[in-house]
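Data block below; observations after.
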Amino acid sequence: MSITECWLLPEGVGELLPAEAERLERVQRELIDLFYSWGYELVIPPLIEYLESLTTGVGTDLELRTFKLTDQLTGRLMGVRADITPQVARIAAHRIKRKGILRLCYMGNVLHTLPQYLGGTRNPIQMGAEIYGHGGVESDLEILRLTVEALDRIGIKQVHLDLGHVGIFRDLVVQAGLSSEQEYLLFDALQRRSHDEIKWILQNNNVKARLLHMFLALVNLNGEKEVIIEAERVLAGSGVEQALVTLKKVAVLAEKYLPSLPIHFDLGELRGYRYHTGLVFAAYILGRGQAIAQGGRYDDIGQVFGRAQPATGFSMDLKELITLYEASNFRHKIYAPWSEDVNFEREVARLRQQGEQVIYGLPGAINNSQELSCDRELVLQAGQWQVIEMRKLGRG
């Protein structure tokens, strides 16, 4: 291996340099404080677990994204987590076991065998919040509101939401009597909005014309809240009425609590289909094709851990978010050329206690204050140590 290759990171695996790491730490702190203010308690699950704990009940998609290794102590197969949400569900069901509603938040590294999209990272830093023990639209709304406030807190504006409900497609599949393989093919075709392929799959499996029409309608049932009214007409008598009621209630509540938030409904959007059970959503901003936050309802996931309960939540990748974090949110630094004056050290200590970042300019070093992102300097003027803006010193 050449020296150059020794410095290369695996494809899709990245690291954070000082400026990025500082932004990450600030975003993390802002969001944890926000979650605490809403009553969410922090948990920190382990990076690795036995494989069955990480993938049970969440479908094959997550299993395929999970790196696997053998535990040298027991010989059992372990996995490096690809998603923290199932771990938090295990903690809620098996470790805390609190009666009533439980709110938990988390953050940590995850690892994917493959990126989720072309050019995406394989080592995101996931952060999120979950509510356990409540199955109503009020908890769905709380998660939506918390998602929007979290993005707003770190300066990400003009967010719009996409809302869907995976229960609609799932109920129609049951009525059509499709096998798991047929269901997967139909799911894939719907995500690609392939009208002809959907029709071909359903006709080849002798699905009744009435259901075939409903499946095809999902391709075009997207847009403003009027889409729900159209869905009630097209899907009448299909048994998906309760899912549409949920979407309608959420739309009404969102107008009340998030009046300026643009919301787009898409009944063919099946994000997290093999994991979620009800309402699903994703947050987007203009000019960015990938969601910056996503979530939804995943009731009864705790059943495999001994306690079934309703659940809803959201998550986001902090590494993605820090690229959007406004520069105005960063504190600037104070450059302090070295001095053995006692009063100098007292002033440095005072500034640091006030939350300022003060960097010593060490003797004999090349002291480039601009390279250190300093916009002020601690100088001795008229016998007093004072913080002066660099531009006023002619150094900005």
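So you can find residues: chains in the structure tokens are A, B, ... in the order shown, residues in each start at 1, and ligands are numbered from 1 in order.
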Counting only C-alpha atoms, which residues in segment 259-306 of chain A sit no more than 6 Å from segment 211-225 of chain A? For each one, give the nearest pair of atoms and the distance in Å, sorted by chain then residue number, as a Markdown table.
```
| residue | atom | partner | partner_atom | distance |
| --- | --- | --- | --- | --- |
| A:His264 | CA | A:Glu224 | CA | 5.4 |
| A:Phe265 | CA | A:Asn222 | CA | 5.3 |
| A:Asp266 | CA | A:Asn222 | CA | 4.1 |
| A:Leu267 | CA | A:Leu221 | CA | 5.7 |
| A:Gly268 | CA | A:Leu218 | CA | 4.9 |
```
Prev. selection, C-alpha atoms, output as a short mmCIF file (atom, residue, chain, number, x, y, z; two decimals), in the first residue's frame:
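The resulting file, out_36.cif, is shown below:
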```
data_model
loop_
_atom_site.label_atom_id
_atom_site.label_comp_id
_atom_site.auth_asym_id
_atom_site.auth_seq_id
_atom_site.Cartn_x
_atom_site.Cartn_y
_atom_site.Cartn_z
CA HIS A 264 -47.83 18.56 0.47
CA PHE A 265 -49.80 15.30 0.65
CA ASP A 266 -48.66 12.23 -1.29
CA LEU A 267 -50.57 8.97 -0.88
CA GLY A 268 -48.10 7.12 -3.08
#
```
Sort by chain and increasing residue number a table of all residues of segment 118-138 of chain A within 10 Å of segment 281-304 of chain A, each with its closest pair of atoms and their distance in Å to one decimal, counting only C-alpha atoms, and write it as JSON lines.
```
{"residue": "A:Gly120", "atom": "CA", "partner": "A:Gln290", "partner_atom": "CA", "distance": 9.7}
{"residue": "A:Met127", "atom": "CA", "partner": "A:Ala293", "partner_atom": "CA", "distance": 9.6}
{"residue": "A:Gly128", "atom": "CA", "partner": "A:Ala293", "partner_atom": "CA", "distance": 9.0}
{"residue": "A:Ala129", "atom": "CA", "partner": "A:Gly295", "partner_atom": "CA", "distance": 9.5}
{"residue": "A:Glu130", "atom": "CA", "partner": "A:Gly295", "partner_atom": "CA", "distance": 9.4}
{"residue": "A:Ile131", "atom": "CA", "partner": "A:Arg297", "partner_atom": "CA", "distance": 9.5}
{"residue": "A:Tyr132", "atom": "CA", "partner": "A:Asp299", "partner_atom": "CA", "distance": 8.7}
{"residue": "A:Gly133", "atom": "CA", "partner": "A:Asp299", "partner_atom": "CA", "distance": 9.2}
{"residue": "A:His134", "atom": "CA", "partner": "A:Asp299", "partner_atom": "CA", "distance": 9.3}
{"residue": "A:Gly135", "atom": "CA", "partner": "A:Asp299", "partner_atom": "CA", "distance": 7.7}
{"residue": "A:Val137", "atom": "CA", "partner": "A:Arg297", "partner_atom": "CA", "distance": 9.9}
```
Which residue, A:Ala21, A:Val159, A:Leu324, A:Leu380, has the smallest gap to Thr147 of chain A when you use only C-alpha atoms?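 Smallest distance to Thr147 of chain A is found for A:Val159.
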Long-range neighbours of Thr121 of chain A as JSON, numbers by chain, 8 Å cut-off, only C-alpha atoms, 4 positions minimum in chain: {"A": [12, 13, 14, 115, 116]}
For the structure I just gave you, how does DSSP split segment 40-173 of chain A - specifically, which residues are alpha helix (DSSP H)? Reply as a short mmCIF file (atom, residue, chain, number, x, y, z; two decimals) with N, CA, C and O atoms, in the first residue's frame.
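The result, stored in result.cif:
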```cif
data_model
loop_
_atom_site.label_atom_id
_atom_site.label_comp_id
_atom_site.auth_asym_id
_atom_site.auth_seq_id
_atom_site.Cartn_x
_atom_site.Cartn_y
_atom_site.Cartn_z
N LEU A 51 -27.18 -8.94 16.54
CA LEU A 51 -27.83 -8.60 15.28
C LEU A 51 -29.35 -8.66 15.39
O LEU A 51 -30.04 -7.78 14.87
N GLU A 52 -29.87 -9.68 16.07
CA GLU A 52 -31.32 -9.82 16.13
C GLU A 52 -31.99 -8.64 16.86
O GLU A 52 -33.12 -8.26 16.54
N SER A 53 -31.28 -8.03 17.80
CA SER A 53 -31.84 -6.87 18.50
C SER A 53 -31.92 -5.66 17.58
O SER A 53 -32.84 -4.85 17.70
N LEU A 54 -30.98 -5.55 16.66
CA LEU A 54 -30.94 -4.39 15.77
C LEU A 54 -31.91 -4.49 14.61
O LEU A 54 -32.37 -3.47 14.09
N THR A 55 -32.23 -5.72 14.18
CA THR A 55 -32.99 -5.88 12.94
C THR A 55 -34.35 -6.55 13.10
O THR A 55 -35.14 -6.57 12.15
N THR A 60 -36.28 -6.19 6.04
CA THR A 60 -34.99 -6.59 5.49
C THR A 60 -34.14 -5.42 5.05
O THR A 60 -32.92 -5.53 4.95
N ASP A 61 -34.75 -4.26 4.78
CA ASP A 61 -33.98 -3.11 4.30
C ASP A 61 -32.88 -2.73 5.28
O ASP A 61 -31.73 -2.50 4.89
N LEU A 62 -33.23 -2.66 6.55
CA LEU A 62 -32.25 -2.27 7.56
C LEU A 62 -31.19 -3.34 7.74
O LEU A 62 -30.01 -3.05 7.94
N GLU A 63 -31.59 -4.60 7.64
CA GLU A 63 -30.62 -5.68 7.78
C GLU A 63 -29.56 -5.61 6.68
O GLU A 63 -28.38 -5.84 6.92
N LEU A 64 -29.98 -5.29 5.46
CA LEU A 64 -29.03 -5.18 4.35
C LEU A 64 -28.08 -4.01 4.52
O LEU A 64 -26.98 -4.01 3.97
N THR A 85 -33.18 4.23 16.01
CA THR A 85 -34.57 4.16 16.43
C THR A 85 -34.95 2.80 17.02
O THR A 85 -35.61 2.75 18.07
N PRO A 86 -34.59 1.65 16.39
CA PRO A 86 -34.94 0.36 17.00
C PRO A 86 -34.29 0.17 18.38
O PRO A 86 -34.89 -0.47 19.26
N GLN A 87 -33.11 0.73 18.58
CA GLN A 87 -32.47 0.63 19.89
C GLN A 87 -33.25 1.39 20.94
O GLN A 87 -33.42 0.92 22.07
N VAL A 88 -33.74 2.57 20.57
CA VAL A 88 -34.51 3.37 21.51
C VAL A 88 -35.84 2.68 21.82
O VAL A 88 -36.31 2.69 22.96
N ALA A 89 -36.43 2.02 20.82
CA ALA A 89 -37.65 1.26 21.03
C ALA A 89 -37.40 0.11 22.02
O ALA A 89 -38.25 -0.19 22.87
N ARG A 90 -36.25 -0.54 21.90
CA ARG A 90 -35.89 -1.61 22.84
C ARG A 90 -35.76 -1.06 24.25
O ARG A 90 -36.26 -1.65 25.22
N VAL A 137 -53.59 11.42 16.90
CA VAL A 137 -52.98 12.39 16.00
C VAL A 137 -52.28 13.51 16.76
O VAL A 137 -51.42 14.19 16.19
N GLU A 138 -52.61 13.68 18.04
CA GLU A 138 -51.96 14.73 18.82
C GLU A 138 -50.46 14.47 18.96
O GLU A 138 -49.66 15.41 18.90
N SER A 139 -50.07 13.20 19.15
CA SER A 139 -48.63 12.90 19.23
C SER A 139 -47.98 13.00 17.86
O SER A 139 -46.81 13.40 17.75
N ASP A 140 -48.72 12.65 16.79
CA ASP A 140 -48.19 12.87 15.44
C ASP A 140 -47.91 14.36 15.23
O ASP A 140 -46.87 14.75 14.69
N LEU A 141 -48.87 15.19 15.66
CA LEU A 141 -48.70 16.64 15.52
C LEU A 141 -47.52 17.14 16.34
O LEU A 141 -46.75 18.00 15.87
N GLU A 142 -47.35 16.62 17.55
CA GLU A 142 -46.24 17.06 18.39
C GLU A 142 -44.90 16.79 17.71
O GLU A 142 -44.01 17.64 17.71
N ILE A 143 -44.78 15.61 17.11
CA ILE A 143 -43.54 15.28 16.41
C ILE A 143 -43.33 16.19 15.21
O ILE A 143 -42.20 16.66 14.95
N LEU A 144 -44.40 16.49 14.48
CA LEU A 144 -44.28 17.42 13.35
C LEU A 144 -43.82 18.79 13.83
O LEU A 144 -42.93 19.40 13.23
N ARG A 145 -44.43 19.28 14.89
CA ARG A 145 -44.08 20.60 15.42
C ARG A 145 -42.64 20.62 15.93
O ARG A 145 -41.91 21.59 15.71
N LEU A 146 -42.24 19.55 16.61
CA LEU A 146 -40.88 19.50 17.13
C LEU A 146 -39.86 19.46 16.00
O LEU A 146 -38.79 20.09 16.08
N THR A 147 -40.17 18.74 14.93
CA THR A 147 -39.29 18.68 13.77
C THR A 147 -39.07 20.07 13.19
O THR A 147 -37.94 20.51 12.94
N VAL A 148 -40.18 20.79 12.97
CA VAL A 148 -40.10 22.12 12.39
C VAL A 148 -39.37 23.08 13.31
O VAL A 148 -38.53 23.88 12.87
N GLU A 149 -39.66 23.01 14.63
CA GLU A 149 -38.98 23.91 15.56
C GLU A 149 -37.50 23.60 15.66
O GLU A 149 -36.67 24.51 15.80
N ALA A 150 -37.14 22.31 15.58
CA ALA A 150 -35.72 21.94 15.63
C ALA A 150 -34.97 22.56 14.45
O ALA A 150 -33.87 23.10 14.61
N LEU A 151 -35.55 22.48 13.27
CA LEU A 151 -34.90 23.05 12.09
C LEU A 151 -34.84 24.57 12.20
O LEU A 151 -33.83 25.19 11.86
N ASP A 152 -35.91 25.16 12.69
CA ASP A 152 -35.94 26.61 12.85
C ASP A 152 -34.92 27.08 13.89
O ASP A 152 -34.28 28.12 13.72
N ARG A 153 -34.76 26.29 14.95
CA ARG A 153 -33.83 26.66 16.03
C ARG A 153 -32.40 26.82 15.53
O ARG A 153 -31.65 27.65 16.05
N VAL A 166 -48.69 5.11 5.12
CA VAL A 166 -48.36 3.80 4.53
C VAL A 166 -49.48 2.79 4.73
O VAL A 166 -49.55 1.77 4.03
N GLY A 167 -50.39 3.05 5.69
CA GLY A 167 -51.49 2.12 5.94
C GLY A 167 -52.42 1.98 4.75
O GLY A 167 -53.09 0.93 4.59
N ILE A 168 -52.50 2.99 3.90
CA ILE A 168 -53.39 2.93 2.74
C ILE A 168 -52.93 1.85 1.77
O ILE A 168 -53.70 0.96 1.39
N PHE A 169 -51.67 1.91 1.38
CA PHE A 169 -51.12 0.90 0.47
C PHE A 169 -51.15 -0.49 1.11
O PHE A 169 -51.52 -1.48 0.47
N ARG A 170 -50.79 -0.56 2.38
CA ARG A 170 -50.72 -1.86 3.06
C ARG A 170 -52.10 -2.52 3.12
O ARG A 170 -52.23 -3.73 2.87
N ASP A 171 -53.15 -1.76 3.41
CA ASP A 171 -54.49 -2.33 3.48
C ASP A 171 -54.97 -2.80 2.11
O ASP A 171 -55.63 -3.84 1.98
N LEU A 172 -54.64 -2.04 1.07
CA LEU A 172 -55.03 -2.45 -0.28
C LEU A 172 -54.32 -3.73 -0.71
O LEU A 172 -54.89 -4.58 -1.39
N VAL A 173 -53.05 -3.88 -0.29
CA VAL A 173 -52.29 -5.10 -0.61
C VAL A 173 -52.94 -6.32 0.03
O VAL A 173 -53.07 -7.38 -0.60
#
```
Please report the interatomic distance between atom CA of Tyr257 of chain A and atom CA of Tyr273 of chain A in Å with one decimal.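 Those two atoms sit 27.2 Å apart.
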Straight-line distance linking atom CA of Leu104 of chain A with atom CA of Leu16 of chain A, stated in Å to one decimal: 26.7 Å
Using only C-alpha atoms, determine which residues lie at most 8 Å from His112 of chain A, disregarding the query and same-chain residues fewer than 3 positions distant; provide the list as a PyMOL selection string. chain A and resi 65-67+82+115+122-123
So, counting only C-alpha atoms, which residue among A:Arg350, A:Arg95, A:His165, A:Lys333 is closest to Gly278 of chain A?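 Between A:Arg350, A:Arg95, A:His165, A:Lys333, the residue approaching Gly278 of chain A most closely is A:His165.
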Quick one: everything within 9 Å of Ser373 of chain A, counting only C-alpha atoms, minus sequence neighbours fewer than 3 positions away in the same chain. Send it as an MDAnalysis selection string. chainID A and resid 332:334 369:370
Apply DSSP to the backbone of this structure and, from segment 130-297 of chain A, keep only the residues in strand (DSSP E or B); write these as a PyMOL selection string. chain A and resi 130-132+159-165+222-223+263-266+279-285+293-297
List as a PDB file with C-alpha atoms, in the first residue's frame the protein and nucleic acid residues near Arg192 of chain A, meaning an atom at most 12 Å away when only C-alpha atoms are counted, but skip any in the same chain fewer than 4 places from it.
```
ATOM      1  CA  LEU A 185     -42.627  -5.574  -6.927  1.00  0.00           C
ATOM      2  CA  LEU A 186     -45.733  -3.413  -6.655  1.00  0.00           C
ATOM      3  CA  PHE A 187     -44.138  -1.251  -3.984  1.00  0.00           C
ATOM      4  CA  ASP A 188     -41.080  -0.678  -6.174  1.00  0.00           C
ATOM      5  CA  ASP A 196     -47.863   0.653 -16.837  1.00  0.00           C
ATOM      6  CA  GLU A 197     -45.788  -1.593 -14.593  1.00  0.00           C
ATOM      7  CA  ILE A 198     -48.294  -1.303 -11.739  1.00  0.00           C
ATOM      8  CA  LEU A 218     -52.192   6.351  -5.707  1.00  0.00           C
ATOM      9  CA  VAL A 219     -49.738   7.468  -8.389  1.00  0.00           C
ATOM     10  CA  GLY A 268     -48.095   7.119  -3.081  1.00  0.00           C
ATOM     11  CA  GLU A 269     -45.110   8.074  -0.912  1.00  0.00           C
ATOM     12  CA  LEU A 270     -44.180   4.977   1.111  1.00  0.00           C
TER      13      LEU A 270
END
```
